[in-house]
Every structure is written in structure tokens, then in C-alpha cells.
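> File follows, model13.tsv with TSV, C-alpha atoms and all ligand atoms:
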```tsv
chain	number	residue	atom	x	y	z
A	920	MET	CA	136.79	302.40	-73.42
A	921	SER	CA	139.52	301.49	-75.91
A	922	LEU	CA	140.25	303.92	-78.72
A	923	PHE	CA	138.86	301.40	-81.18
A	924	SER	CA	135.57	300.98	-79.27
A	925	LYS	CA	135.25	304.75	-79.19
A	926	PHE	CA	135.60	305.00	-82.97
A	927	LYS	CA	133.22	302.12	-83.45
A	928	ASN	CA	130.55	303.48	-81.10
A	929	LYS	CA	130.70	307.02	-82.39
A	930	LEU	CA	130.87	306.20	-86.09
A	931	HIS	CA	127.76	304.03	-85.90
A	932	LYS	CA	125.69	306.17	-88.27
A	933	THR	CA	128.15	305.71	-91.11
A	934	SER	CA	128.85	302.09	-90.24
A	935	ASN	CA	125.17	301.15	-89.92
A	936	TYR	CA	124.53	302.62	-93.29
A	937	LEU	CA	127.48	300.99	-95.02
A	938	SER	CA	127.52	297.58	-93.40
A	939	SER	CA	123.78	296.90	-93.45
A	940	ASN	CA	123.47	297.87	-97.11
A	941	ILE	CA	126.57	295.96	-98.15
A	942	LEU	CA	125.41	292.87	-96.28
A	943	ASN	CA	122.03	293.15	-97.95
A	944	SER	CA	123.60	293.31	-101.38
A	945	PHE	CA	125.95	290.39	-101.01
A	946	GLN	CA	123.73	288.04	-99.02
A	947	ASN	CA	124.53	284.63	-100.51
A	948	LYS	CA	125.50	286.15	-103.82
A	949	LYS	CA	128.59	286.26	-105.97
A	950	VAL	CA	130.81	289.18	-106.83
A	951	ASP	CA	129.41	290.02	-110.25
A	952	ASN	CA	128.34	293.09	-112.20
A	953	GLN	CA	125.05	293.32	-110.37
A	954	THR	CA	126.45	293.16	-106.85
A	955	LEU	CA	129.36	295.43	-107.79
A	956	GLY	CA	126.87	297.94	-109.23
A	957	GLU	CA	124.92	297.90	-105.99
A	958	LEU	CA	128.11	298.28	-103.97
A	959	GLU	CA	129.09	301.25	-106.11
A	960	SER	CA	125.79	303.05	-105.35
A	961	ILE	CA	126.11	302.34	-101.62
A	962	LEU	CA	129.64	303.76	-101.48
A	963	ILE	CA	128.67	306.83	-103.50
A	964	SER	CA	125.74	307.61	-101.22
A	965	ALA	CA	128.09	307.49	-98.23
A	966	ASP	CA	129.79	310.52	-99.85
A	967	ILE	CA	132.85	308.64	-101.02
A	968	SER	CA	134.19	310.31	-104.15
A	969	LEU	CA	134.06	308.56	-107.50
A	970	ASP	CA	137.80	308.03	-107.86
A	971	VAL	CA	137.92	306.33	-104.47
A	972	VAL	CA	134.81	304.28	-105.22
A	973	GLU	CA	136.46	303.07	-108.42
A	974	LYS	CA	139.54	301.96	-106.48
A	975	LEU	CA	137.38	300.13	-103.95
A	976	ILE	CA	135.23	298.43	-106.58
A	977	ASN	CA	138.34	297.23	-108.42
A	978	SER	CA	139.72	295.65	-105.28
A	979	VAL	CA	136.44	293.86	-104.57
A	980	ARG	CA	136.23	292.71	-108.19
A	981	LYS	CA	139.42	290.71	-107.64
A	982	VAL	CA	138.02	288.93	-104.61
A	983	LYS	CA	138.11	285.13	-104.73
A	984	THR	CA	135.45	283.79	-102.42
A	985	LEU	CA	136.82	280.24	-102.01
A	986	ASP	CA	135.19	278.79	-98.93
A	987	GLN	CA	135.02	282.00	-96.92
A	988	ASP	CA	131.84	283.91	-96.23
A	989	ILE	CA	131.40	286.38	-99.06
A	990	ASN	CA	130.16	289.21	-96.80
A	991	THR	CA	133.23	289.04	-94.60
A	992	VAL	CA	135.58	288.91	-97.58
A	993	VAL	CA	134.00	291.98	-99.17
A	994	LEU	CA	134.02	294.03	-95.95
A	995	GLU	CA	137.60	292.99	-95.13
A	996	THR	CA	138.75	293.87	-98.65
A	997	LEU	CA	137.14	297.31	-98.44
A	998	ALA	CA	138.60	297.97	-95.00
A	999	LYS	CA	142.09	297.05	-96.16
A	1000	GLU	CA	141.86	299.27	-99.24
A	1001	ILE	CA	140.45	302.20	-97.24
A	1002	GLU	CA	143.20	301.83	-94.65
A	1003	ILE	CA	145.82	302.04	-97.41
A	1004	ILE	CA	144.32	305.35	-98.58
A	1005	LEU	CA	144.07	306.80	-95.06
A	1006	GLN	CA	147.39	305.59	-93.67
A	1007	PRO	CA	149.60	308.36	-95.11
A	1008	ARG	CA	147.37	310.99	-93.47
A	1009	GLU	CA	147.99	309.78	-89.92
A	1010	ILE	CA	150.22	312.00	-87.81
A	1011	LEU	CA	152.94	310.14	-86.03
A	1012	GLU	CA	152.81	310.99	-82.35
A	1013	GLU	CA	155.52	313.56	-81.81
A	1014	ASN	CA	156.73	313.84	-78.27
A	1015	ASP	CA	158.89	316.84	-78.92
A	1016	HIS	CA	157.11	319.02	-76.33
A	1017	LYS	CA	158.09	322.04	-78.33
A	1018	GLN	CA	156.33	325.35	-77.94
A	1019	LYS	CA	153.61	325.78	-80.50
A	1020	ILE	CA	151.20	328.34	-81.85
A	1021	LEU	CA	148.02	326.80	-83.24
A	1022	ILE	CA	145.73	328.89	-85.43
A	1023	PHE	CA	142.30	327.34	-85.90
A	1024	VAL	CA	140.42	328.22	-89.07
A	1025	GLY	CA	137.21	327.03	-90.71
A	1026	VAL	CA	133.69	328.15	-91.55
A	1027	ASN	CA	131.18	329.12	-88.90
A	1028	GLY	CA	129.83	326.18	-86.96
A	1029	SER	CA	132.51	323.75	-88.13
A	1030	GLY	CA	133.58	323.14	-84.54
A	1031	LYS	CA	136.66	325.35	-84.04
A	1032	THR	CA	135.82	326.64	-80.58
A	1033	THR	CA	134.68	323.25	-79.29
A	1034	THR	CA	137.76	321.54	-80.69
A	1035	ILE	CA	140.06	324.13	-79.11
A	1036	GLY	CA	138.35	323.46	-75.78
A	1037	LYS	CA	138.85	319.71	-76.19
A	1038	ILE	CA	142.50	320.03	-77.23
A	1039	ALA	CA	143.37	322.37	-74.38
A	1040	ASN	CA	141.65	319.91	-72.05
A	1041	GLN	CA	143.80	317.06	-73.37
A	1042	ILE	CA	147.01	319.08	-73.14
A	1043	GLY	CA	146.27	319.35	-69.43
A	1044	ASN	CA	147.54	321.66	-66.76
A	1045	GLU	CA	151.21	320.70	-66.73
A	1046	LYS	CA	151.58	322.91	-69.79
A	1047	LYS	CA	151.10	326.65	-69.87
A	1048	VAL	CA	148.34	327.29	-72.39
A	1049	LEU	CA	147.14	330.68	-73.58
A	1050	ILE	CA	143.92	330.80	-75.56
A	1051	ALA	CA	143.16	333.82	-77.71
A	1052	GLY	CA	139.66	334.70	-78.85
A	1053	CYS	CA	140.03	336.39	-82.21
A	1054	ASP	CA	136.41	335.83	-83.26
A	1055	THR	CA	135.69	339.40	-82.20
A	1056	PHE	CA	132.58	339.93	-84.28
A	1057	ARG	CA	130.24	337.88	-82.12
A	1058	ALA	CA	130.12	338.36	-78.36
A	1059	ALA	CA	128.64	334.87	-78.01
A	1060	ALA	CA	131.73	333.39	-79.64
A	1061	ILE	CA	133.97	334.87	-76.96
A	1062	ASP	CA	131.64	333.70	-74.17
A	1063	GLN	CA	131.58	330.17	-75.55
A	1064	LEU	CA	135.38	330.07	-75.67
A	1065	LYS	CA	135.59	331.56	-72.18
A	1066	ASP	CA	133.44	328.72	-70.79
A	1067	TRP	CA	135.92	326.16	-72.10
A	1068	VAL	CA	138.86	328.21	-70.83
A	1069	GLU	CA	137.37	328.41	-67.33
A	1070	ASN	CA	136.59	324.69	-67.22
A	1071	ASN	CA	140.10	323.85	-68.36
A	1072	LYS	CA	141.73	326.51	-66.17
A	1073	ASN	CA	143.69	327.92	-69.10
A	1074	ASP	CA	144.67	331.56	-69.51
A	1075	PHE	CA	142.57	333.65	-71.84
A	1076	PHE	CA	143.26	336.64	-74.01
A	1077	SER	CA	140.55	338.51	-75.86
A	1078	GLY	CA	140.34	341.89	-77.44
A	1079	SER	CA	137.47	344.33	-77.37
A	1080	ALA	CA	134.31	343.87	-79.42
A	1081	ASN	CA	134.94	344.38	-83.14
A	1082	GLN	CA	138.69	344.84	-82.64
A	1083	ASP	CA	140.61	343.73	-85.69
A	1084	PRO	CA	141.27	339.98	-85.22
A	1085	ALA	CA	144.87	340.36	-86.39
A	1086	SER	CA	145.53	342.98	-83.74
A	1087	VAL	CA	144.12	340.70	-81.02
A	1088	ALA	CA	146.39	337.94	-82.33
A	1089	PHE	CA	149.31	340.38	-82.26
A	1090	GLN	CA	148.73	341.23	-78.59
A	1091	ALA	CA	148.16	337.58	-77.66
A	1092	THR	CA	151.43	336.58	-79.32
A	1093	GLU	CA	153.26	339.32	-77.40
A	1094	LYS	CA	151.86	337.91	-74.17
A	1095	PHE	CA	152.84	334.39	-75.27
A	1096	ASN	CA	156.40	335.56	-75.94
A	1097	LYS	CA	156.76	337.58	-72.76
A	1098	GLU	CA	155.25	335.09	-70.35
A	1099	ASN	CA	156.81	332.02	-71.86
A	1100	TYR	CA	153.77	329.90	-72.60
A	1101	ASP	CA	154.00	326.39	-74.07
A	1102	TYR	CA	151.01	326.83	-76.35
A	1103	LEU	CA	149.13	329.69	-77.88
A	1104	ILE	CA	145.83	328.56	-79.37
A	1105	ILE	CA	144.07	331.10	-81.55
A	1106	ASP	CA	140.33	330.89	-82.25
A	1107	THR	CA	139.17	332.77	-85.34
A	1108	ALA	CA	135.89	333.77	-86.95
A	1109	GLY	CA	134.26	331.64	-89.61
A	1110	ARG	CA	132.32	334.49	-91.08
A	1111	LEU	CA	132.83	338.24	-91.05
A	1112	SER	CA	130.02	340.71	-90.67
A	1113	ASN	CA	131.42	343.21	-93.17
A	1114	ASN	CA	132.71	342.71	-96.68
A	1115	THR	CA	136.21	341.74	-95.63
A	1116	ASN	CA	137.31	338.54	-97.24
A	1117	LEU	CA	137.66	335.93	-94.51
A	1118	VAL	CA	140.67	334.14	-95.95
A	1119	ASN	CA	142.53	337.41	-96.53
A	1120	GLN	CA	141.88	338.36	-92.92
A	1121	LEU	CA	143.27	335.02	-91.76
A	1122	VAL	CA	146.36	335.38	-93.93
A	1123	LYS	CA	146.93	338.80	-92.36
A	1124	LEU	CA	146.47	337.35	-88.87
A	1125	LYS	CA	148.96	334.58	-89.57
A	1126	ASN	CA	151.52	336.99	-91.02
A	1127	VAL	CA	151.25	339.22	-87.97
A	1128	VAL	CA	151.80	336.27	-85.64
A	1129	SER	CA	154.80	334.96	-87.55
A	1130	LYS	CA	156.33	338.43	-87.76
A	1131	ILE	CA	156.52	338.86	-84.00
A	1132	ASN	CA	157.38	335.26	-83.32
A	1133	ASN	CA	159.53	333.53	-85.85
A	1134	ASP	CA	161.08	330.84	-83.71
A	1135	THR	CA	157.95	329.03	-82.61
A	1136	ILE	CA	156.27	326.43	-84.79
A	1137	ILE	CA	153.05	327.92	-86.17
A	1138	GLU	CA	150.43	325.45	-87.31
A	1139	THR	CA	147.27	326.34	-89.20
A	1140	ILE	CA	144.57	323.83	-88.39
A	1141	LEU	CA	141.54	323.59	-90.66
A	1142	VAL	CA	138.39	322.39	-88.90
A	1143	LEU	CA	135.75	320.78	-91.12
A	1144	ASP	CA	132.20	319.81	-90.22
A	1145	GLY	CA	131.89	316.11	-91.03
A	1146	THR	CA	128.13	316.38	-91.50
A	1147	ASN	CA	128.87	318.44	-94.63
A	1148	GLY	CA	130.03	315.29	-96.38
A	1149	SER	CA	131.58	315.93	-99.77
A	1150	ASN	CA	131.01	319.70	-99.38
A	1151	MET	CA	134.06	319.66	-97.13
A	1152	ILE	CA	136.16	319.49	-100.28
A	1153	LYS	CA	135.08	323.00	-101.26
A	1154	GLN	CA	136.29	324.29	-97.91
A	1155	VAL	CA	139.68	322.64	-98.23
A	1156	GLU	CA	139.98	324.39	-101.60
A	1157	ILE	CA	139.00	327.80	-100.21
A	1158	PHE	CA	141.16	327.73	-97.08
A	1159	GLY	CA	144.00	325.67	-98.50
A	1160	LYS	CA	144.62	327.97	-101.44
A	1161	GLU	CA	145.91	330.93	-99.45
A	1162	LEU	CA	146.72	329.44	-96.07
A	1163	ASP	CA	149.33	326.80	-95.73
A	1164	VAL	CA	147.16	324.30	-93.82
A	1165	SER	CA	149.24	322.08	-91.51
A	1166	SER	CA	146.52	319.62	-90.63
A	1167	ILE	CA	142.81	318.97	-90.81
A	1168	ILE	CA	140.38	318.05	-88.03
A	1169	ILE	CA	137.02	316.60	-89.05
A	1170	THR	CA	134.30	317.07	-86.43
A	1171	LYS	CA	130.80	315.72	-85.79
A	1172	LEU	CA	131.51	312.29	-87.27
A	1173	ASP	CA	129.21	310.97	-84.55
A	1174	GLY	CA	126.29	312.77	-86.18
A	1175	THR	CA	126.50	311.72	-89.80
A	1176	ALA	CA	126.21	308.77	-92.18
A	1177	LYS	CA	128.43	310.71	-94.59
A	1178	GLY	CA	131.67	309.88	-92.79
A	1179	GLY	CA	132.93	308.37	-96.03
A	1180	ALA	CA	133.80	311.87	-97.18
A	1181	LEU	CA	136.84	311.73	-94.90
A	1182	ILE	CA	138.27	309.11	-97.26
A	1183	SER	CA	137.75	311.40	-100.24
A	1184	ILE	CA	139.66	314.19	-98.48
A	1185	ALA	CA	142.48	311.84	-97.54
A	1186	ASN	CA	142.70	310.63	-101.11
A	1187	LYS	CA	142.65	314.10	-102.68
A	1188	TYR	CA	144.90	316.14	-100.39
A	1189	GLU	CA	148.26	315.38	-98.89
A	1190	ILE	CA	147.29	317.16	-95.69
A	1191	PRO	CA	147.53	315.18	-92.45
A	1192	ILE	CA	144.33	314.50	-90.52
A	1193	SER	CA	145.28	315.02	-86.90
A	1194	TYR	CA	142.06	314.45	-84.96
A	1195	VAL	CA	138.43	313.54	-85.43
A	1196	GLY	CA	135.56	315.01	-83.40
A	1197	LEU	CA	133.26	312.31	-82.07
A	1198	GLY	CA	130.89	314.26	-79.83
A	1199	GLU	CA	130.49	317.41	-77.80
A	1200	LYS	CA	132.21	316.42	-74.56
A	1201	PRO	CA	135.86	317.23	-73.74
A	1202	GLU	CA	136.89	313.60	-74.24
A	1203	ASP	CA	135.16	313.32	-77.62
A	1204	LEU	CA	138.23	314.16	-79.65
A	1205	SER	CA	140.39	311.29	-80.84
A	1206	VAL	CA	143.71	311.14	-82.60
A	1207	PHE	CA	142.95	310.04	-86.14
A	1208	SER	CA	143.74	306.40	-86.81
A	1209	ALA	CA	143.48	304.97	-90.33
A	1210	LYS	CA	142.88	301.43	-89.14
A	1211	ASN	CA	140.34	302.33	-86.48
A	1212	PHE	CA	138.43	304.48	-88.91
A	1213	ALA	CA	138.48	301.99	-91.78
A	1214	ARG	CA	137.38	299.03	-89.67
A	1215	SER	CA	134.82	301.01	-87.67
A	1216	ILE	CA	132.90	302.37	-90.64
A	1217	LEU	CA	132.50	298.82	-91.97
A	1218	ASN	CA	131.41	297.54	-88.57
A	1219	LEU	CA	134.33	295.11	-88.34
A	1220	GLU	CA	136.13	294.05	-85.20
A	1221	GLU	CA	139.54	295.44	-84.25
A	1301	LIG	N1	128.04	315.99	-82.17
A	1301	LIG	C1	129.10	316.80	-82.26
A	1301	LIG	N2	128.94	318.13	-82.16
A	1301	LIG	C2	130.03	318.92	-82.26
A	1301	LIG	C3	131.32	318.39	-82.47
A	1301	LIG	N3	132.19	319.43	-82.54
A	1301	LIG	C4	131.45	320.55	-82.37
A	1301	LIG	N4	130.14	320.26	-82.20
A	1301	LIG	C5	129.02	321.19	-82.02
A	1301	LIG	O1	128.88	321.99	-83.18
A	1301	LIG	C6	128.42	323.28	-82.86
A	1301	LIG	C7	129.34	324.34	-83.46
A	1301	LIG	O2	130.60	324.23	-82.84
A	1301	LIG	P1	131.55	325.49	-82.57
A	1301	LIG	O3	132.74	324.98	-81.85
A	1301	LIG	O4	130.78	326.59	-81.94
A	1301	LIG	O5	131.95	325.90	-84.07
A	1301	LIG	P2	132.77	327.18	-84.58
A	1301	LIG	O6	131.76	328.16	-85.09
A	1301	LIG	O7	133.63	326.65	-85.68
A	1301	LIG	O8	133.57	327.69	-83.43
A	1301	LIG	C8	128.34	323.34	-81.33
A	1301	LIG	O9	127.03	323.13	-80.94
A	1301	LIG	C9	129.23	322.17	-80.89
A	1301	LIG	O10	128.84	321.64	-79.65
A	1301	LIG	C10	131.47	316.96	-82.60
A	1301	LIG	O11	132.54	316.39	-82.80
A	1301	LIG	N5	130.32	316.22	-82.46
A	1302	MG	MG	133.65	329.60	-82.66
```
Show the structure stored in the file as C-alpha cells.
Ligand SMILES: Nc1nc2c(ncn2[C@@H]2O[C@H](COP(=O)(O)OP(=O)(O)O)[C@@H](O)[C@H]2O)c(=O)[nH]1
Ligand SMILES: [Mg+2]


Amino acid sequence: MSLFSKFKNKLHKTSNYLSSNILNSFQNKKVDNQTLGELESILISADISLDVVEKLINSVRKVKTLDQDINTVVLETLAKEIEIILQPREILEENDHKQKILIFVGVNGSGKTTTIGKIANQIGNEKKVLIAGCDTFRAAAIDQLKDWVENNKNDFFSGSANQDPASVAFQATEKFNKENYDYLIIDTAGRLSNNTNLVNQLVKLKNVVSKINNDTIIETILVLDGTNGSNMIKQVEIFGKELDVSSIIITKLDGTAKGGALISIANKYEIPISYVGLGEKPEDLSVFSAKNFARSILNLEE
């Protein structure tokens, strides 16, 4: 399956919602205040933020129908405008093959562990990958990560139950340094059982890692649950304030009609979107593509 077909298949909930409603509104009609008003409501209920909706409406307002089919013109105009917003958030494929430490953060259930499993699977076995389970508060979290590690044949490092996550990260980084791994991928908790502030704990973990390894690139990757729609913005605020987030991954876009919220995030934050999660299987993680996303959610062809 081509990358585009994958986006299109998996984003069908959002695209069904958007395209069928937009087609209904514009069927044989003109671009006027009534149709624009309807379009505005459709875009808002797909969890696209008001400032983005305003941009999109303004671009459609300028549409000259001429002899072209009005539906196609509207959808194409929206896709083009959305692509312009998303484009700067794409990550250019870097083939530097440098060593990297990736710290995954995000609330419970956002998809951190699953995404780590998928990424390690895509990195493949030519690279030496060490995965560290720093979600030490839930035994199930470590078991879930271990399943991925065993399937992928990666190396695994975990501490003891309830060990301080930062100290597990410390030991894992020592092992990474000593045994010359290509990647260290750190899984963290999304919720703590005691009163410790989660973000403070993550800042501490990151500081510990960078203290004992200051020549490897350290990336903090924020994982967001796409089914949360516009509530994702709150999480970018919480995590982004204290942690210098390198990139965002939005998961579960296969399970939501609120995929439009990705556009709001791209418009509001200058943080790259590296991947999108499109299902639960190892291959259901795709490099984010502005064009594929924009055209898929409007049910257009490549
Ligand atoms: N449909 C779908 N489910 C996902 C995706 N990513 C994760 N999940 C599921 O979401 C649930 C929570 O994921 P998990 O990785 O445990 O989240 P964590 O608490 O952040 O580590 C699990 O049941 C995953 O299988 C995705 O892209 N699509
Ligand atoms: Mg987890």
C-alpha cells in the first residue's frame, strides 16, 4: 500500500465526516453566506480551531467557480490551504544515522509505549537499540513494553518496581554509553501514583540523562492521543512549558473524526510533527506528510 493510500484508508473517520458534510452543503449551490456558514460549522465540529477555520473560510470565499464543479473547487481550496499550514511542521528525512536518545512523554494512554514499539520495529535490527522502561509505577506498563521489545528483539533495561524513574534512566544511559548503542528509547509514566508532579519528574529525568551523556542528541517526544481532539492543546501547554519538546506524535487518528485538531496544533505551535499513529500494529506508524494528511481528510485523490 502506498503511503498516501495508508493515510486515506486510516483517516476515513475524519474524511467521511468532512467530505460528506461539505458535499451536502455545496451540492449545486454557490459560495455565499449561507454555504460559508454551514462550512464553518462543519470545520468547527471537526475540532479545527477558530483561527484556522477563519483562514479556511476566507480562502473559500475567494473561490471563483467558473465552469468547474463547485464541490471539487471547495475541497481543493481547503486542501491547499491546510497543506500550507501543515507544511512547516514536516520533518525533513535526516539520514545522519547519528546516535540518539529519545525520551517519550505524554499522558497515560496517549500511546507512548505502543509508539516506541512501532518506532523500534521500524529502526530494525541493523541498529543497536536499547529500550528503557521508566514507567516504574505500574507493573503492567513494563510488561507491555517488554512484549514489544521481545517481538522486535531489542535490548531492554528496566528498574525495580517503584524505583525512581530518573534513576532507572540514569542506569540505562550508563549502559547506553558503555555498550555503544545507536539508540536509547526511554518510556515514561503518564501519571504518578503519589503527589509528585509529573512534569517536574520528567524534567529531572531529562536532566539526569543529559548530565551523564552530553554528546548524544537528546530528543523529547510528546505523544498525543488524537481522539482527544482539541484537548490535545492543553497537553502541549502542560508538557511544552517545562520540557523542551523536540517533536510531536499524534496517535489513534484511525479512531477519530476529530483529526482536524492536528491542524490546530500545527497552526499554534512551531513544533515539528514527526509521525502519526494510524492503528495498533507495528506498521501503523507513518512519517507525517502535510500533503497526504490534507488531501486524505478531504477524501481527495493523491
Ligand atoms: N487505534 C489505535 N490505537 C492505538 C494507537 N496507538 C496506541 N493505541 C492504543 O492505545 C492504547 C494505549 O496505548 P499505550 O501505548 O499503552 O499508551 P501509554 O499509556 O501512553 O503508554 C493501547 O491499547 C494501544 O494499543 C493508534 O495509533 N491507533
Ligand atoms: Mg505506557

> How close does chain A get to ligand LIG 1301 (chain A)? List, as a Markdown table, each residue of chain A within 9 Å, its nearest atom pair and the distance in Å to one decimal, counting only C-alpha atoms and all ligand atoms.


```
| residue | atom | partner | partner_atom | distance |
| --- | --- | --- | --- | --- |
| A:Phe1023 | CA | A:LIG1301 | O7 | 8.7 |
| A:Val1024 | CA | A:LIG1301 | O7 | 7.7 |
| A:Gly1025 | CA | A:LIG1301 | O7 | 6.2 |
| A:Val1026 | CA | A:LIG1301 | O7 | 6.1 |
| A:Asn1027 | CA | A:LIG1301 | O6 | 4.0 |
| A:Gly1028 | CA | A:LIG1301 | O6 | 3.3 |
| A:Ser1029 | CA | A:LIG1301 | O7 | 4.0 |
| A:Gly1030 | CA | A:LIG1301 | O5 | 3.2 |
| A:Lys1031 | CA | A:LIG1301 | O7 | 3.7 |
| A:Thr1032 | CA | A:LIG1301 | O3 | 3.7 |
| A:Thr1033 | CA | A:LIG1301 | O3 | 3.6 |
| A:Thr1034 | CA | A:LIG1301 | O3 | 6.2 |
| A:Ile1035 | CA | A:LIG1301 | O3 | 7.9 |
| A:Gly1036 | CA | A:LIG1301 | O3 | 8.4 |
| A:Asp1054 | CA | A:LIG1301 | O8 | 8.6 |
| A:Ala1060 | CA | A:LIG1301 | O8 | 7.1 |
| A:Gln1063 | CA | A:LIG1301 | O4 | 7.4 |
| A:Leu1064 | CA | A:LIG1301 | O8 | 8.3 |
| A:Asp1106 | CA | A:LIG1301 | O8 | 7.6 |
| A:Thr1107 | CA | A:LIG1301 | O8 | 7.8 |
| A:Ala1108 | CA | A:LIG1301 | O6 | 7.2 |
| A:Gly1109 | CA | A:LIG1301 | O6 | 6.2 |
| A:Arg1110 | CA | A:LIG1301 | O6 | 8.7 |
| A:Val1142 | CA | A:LIG1301 | O7 | 7.2 |
| A:Leu1143 | CA | A:LIG1301 | O7 | 8.3 |
| A:Asp1144 | CA | A:LIG1301 | N3 | 7.7 |
| A:Gly1145 | CA | A:LIG1301 | O11 | 8.3 |
| A:Ile1169 | CA | A:LIG1301 | O11 | 7.7 |
| A:Thr1170 | CA | A:LIG1301 | O11 | 4.1 |
| A:Lys1171 | CA | A:LIG1301 | N5 | 3.4 |
| A:Leu1172 | CA | A:LIG1301 | O11 | 6.2 |
| A:Asp1173 | CA | A:LIG1301 | N1 | 5.7 |
| A:Gly1174 | CA | A:LIG1301 | N1 | 5.4 |
| A:Thr1175 | CA | A:LIG1301 | N1 | 8.9 |
| A:Val1195 | CA | A:LIG1301 | O11 | 7.1 |
| A:Gly1196 | CA | A:LIG1301 | O11 | 3.4 |
| A:Leu1197 | CA | A:LIG1301 | O11 | 4.2 |
| A:Gly1198 | CA | A:LIG1301 | N5 | 3.3 |
| A:Glu1199 | CA | A:LIG1301 | N2 | 4.7 |
| A:Lys1200 | CA | A:LIG1301 | O10 | 8.0 |
| A:Asp1203 | CA | A:LIG1301 | O11 | 6.6 |
| A:Leu1204 | CA | A:LIG1301 | O11 | 6.9 |
```

> Selected residues, C-alpha atoms, written as a PDB file, keeping the file's coordinate frame, please.


```pdb
ATOM      1  CA  PHE A1023     142.300 327.340 -85.900  1.00  0.00           C
ATOM      2  CA  VAL A1024     140.420 328.220 -89.070  1.00  0.00           C
ATOM      3  CA  GLY A1025     137.210 327.030 -90.710  1.00  0.00           C
ATOM      4  CA  VAL A1026     133.690 328.150 -91.550  1.00  0.00           C
ATOM      5  CA  ASN A1027     131.180 329.120 -88.900  1.00  0.00           C
ATOM      6  CA  GLY A1028     129.830 326.180 -86.960  1.00  0.00           C
ATOM      7  CA  SER A1029     132.510 323.750 -88.130  1.00  0.00           C
ATOM      8  CA  GLY A1030     133.580 323.140 -84.540  1.00  0.00           C
ATOM      9  CA  LYS A1031     136.660 325.350 -84.040  1.00  0.00           C
ATOM     10  CA  THR A1032     135.820 326.640 -80.580  1.00  0.00           C
ATOM     11  CA  THR A1033     134.680 323.250 -79.290  1.00  0.00           C
ATOM     12  CA  THR A1034     137.760 321.540 -80.690  1.00  0.00           C
ATOM     13  CA  ILE A1035     140.060 324.130 -79.110  1.00  0.00           C
ATOM     14  CA  GLY A1036     138.350 323.460 -75.780  1.00  0.00           C
ATOM     15  CA  ASP A1054     136.410 335.830 -83.260  1.00  0.00           C
ATOM     16  CA  ALA A1060     131.730 333.390 -79.640  1.00  0.00           C
ATOM     17  CA  GLN A1063     131.580 330.170 -75.550  1.00  0.00           C
ATOM     18  CA  LEU A1064     135.380 330.070 -75.670  1.00  0.00           C
ATOM     19  CA  ASP A1106     140.330 330.890 -82.250  1.00  0.00           C
ATOM     20  CA  THR A1107     139.170 332.770 -85.340  1.00  0.00           C
ATOM     21  CA  ALA A1108     135.890 333.770 -86.950  1.00  0.00           C
ATOM     22  CA  GLY A1109     134.260 331.640 -89.610  1.00  0.00           C
ATOM     23  CA  ARG A1110     132.320 334.490 -91.080  1.00  0.00           C
ATOM     24  CA  VAL A1142     138.390 322.390 -88.900  1.00  0.00           C
ATOM     25  CA  LEU A1143     135.750 320.780 -91.120  1.00  0.00           C
ATOM     26  CA  ASP A1144     132.200 319.810 -90.220  1.00  0.00           C
ATOM     27  CA  GLY A1145     131.890 316.110 -91.030  1.00  0.00           C
ATOM     28  CA  ILE A1169     137.020 316.600 -89.050  1.00  0.00           C
ATOM     29  CA  THR A1170     134.300 317.070 -86.430  1.00  0.00           C
ATOM     30  CA  LYS A1171     130.800 315.720 -85.790  1.00  0.00           C
ATOM     31  CA  LEU A1172     131.510 312.290 -87.270  1.00  0.00           C
ATOM     32  CA  ASP A1173     129.210 310.970 -84.550  1.00  0.00           C
ATOM     33  CA  GLY A1174     126.290 312.770 -86.180  1.00  0.00           C
ATOM     34  CA  THR A1175     126.500 311.720 -89.800  1.00  0.00           C
ATOM     35  CA  VAL A1195     138.430 313.540 -85.430  1.00  0.00           C
ATOM     36  CA  GLY A1196     135.560 315.010 -83.400  1.00  0.00           C
ATOM     37  CA  LEU A1197     133.260 312.310 -82.070  1.00  0.00           C
ATOM     38  CA  GLY A1198     130.890 314.260 -79.830  1.00  0.00           C
ATOM     39  CA  GLU A1199     130.490 317.410 -77.800  1.00  0.00           C
ATOM     40  CA  LYS A1200     132.210 316.420 -74.560  1.00  0.00           C
ATOM     41  CA  ASP A1203     135.160 313.320 -77.620  1.00  0.00           C
ATOM     42  CA  LEU A1204     138.230 314.160 -79.650  1.00  0.00           C
TER      43      LEU A1204
END
```

> Can you tell me, as a list of chain:residue names, what residues are no more than 10 Å from Lys1065 (chain A) when counting all atoms listed in the file, ignoring any on the same chain fewer than 6 positions away?

A:Thr1032, A:Gly1036, A:Ile1050, A:Ala1051, A:Gly1052, A:Ala1059, A:Asn1071, A:Lys1072, A:Asn1073, A:Asp1074, A:Phe1075, A:Phe1076, A:Ser1077

> Write a file of the selected residues as a PDB file, in the frame of the given file, keeping C-alpha atoms.


```pdb
ATOM      1  CA  THR A1032     135.820 326.640 -80.580  1.00  0.00           C
ATOM      2  CA  GLY A1036     138.350 323.460 -75.780  1.00  0.00           C
ATOM      3  CA  ILE A1050     143.920 330.800 -75.560  1.00  0.00           C
ATOM      4  CA  ALA A1051     143.160 333.820 -77.710  1.00  0.00           C
ATOM      5  CA  GLY A1052     139.660 334.700 -78.850  1.00  0.00           C
ATOM      6  CA  ALA A1059     128.640 334.870 -78.010  1.00  0.00           C
ATOM      7  CA  ASN A1071     140.100 323.850 -68.360  1.00  0.00           C
ATOM      8  CA  LYS A1072     141.730 326.510 -66.170  1.00  0.00           C
ATOM      9  CA  ASN A1073     143.690 327.920 -69.100  1.00  0.00           C
ATOM     10  CA  ASP A1074     144.670 331.560 -69.510  1.00  0.00           C
ATOM     11  CA  PHE A1075     142.570 333.650 -71.840  1.00  0.00           C
ATOM     12  CA  PHE A1076     143.260 336.640 -74.010  1.00  0.00           C
ATOM     13  CA  SER A1077     140.550 338.510 -75.860  1.00  0.00           C
TER      14      SER A1077
END
```

> I want to know what sits within 7 Å of region 926-929 of chain A, based on all atoms listed in the file, with residues of the same chain fewer than 2 positions away left out; could you give that as a list in words?

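Answer for this query is Leu922, Phe923, Ser924, His931, Asp1173, Leu1197, Asn1211, Phe1212 and Ser1215 of chain A.
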
> Using all atoms listed in the file, find the one residue out of A:Ile1042, A:Ser938, A:Ala1058, A:Leu975 that sits nearest to ligand MG 1302 (chain A).

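Ranking A:Ile1042, A:Ser938, A:Ala1058, A:Leu975 by distance to ligand MG 1302 (chain A), first place goes to A:Ala1058.
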
> Just how far from CA of Tyr1188 (chain A) is CA of Ala1176 (chain A), in Å to one decimal?

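Atom-to-atom, CA of Ala1176 (chain A) and CA of Tyr1188 (chain A) are spaced 21.7 Å apart.
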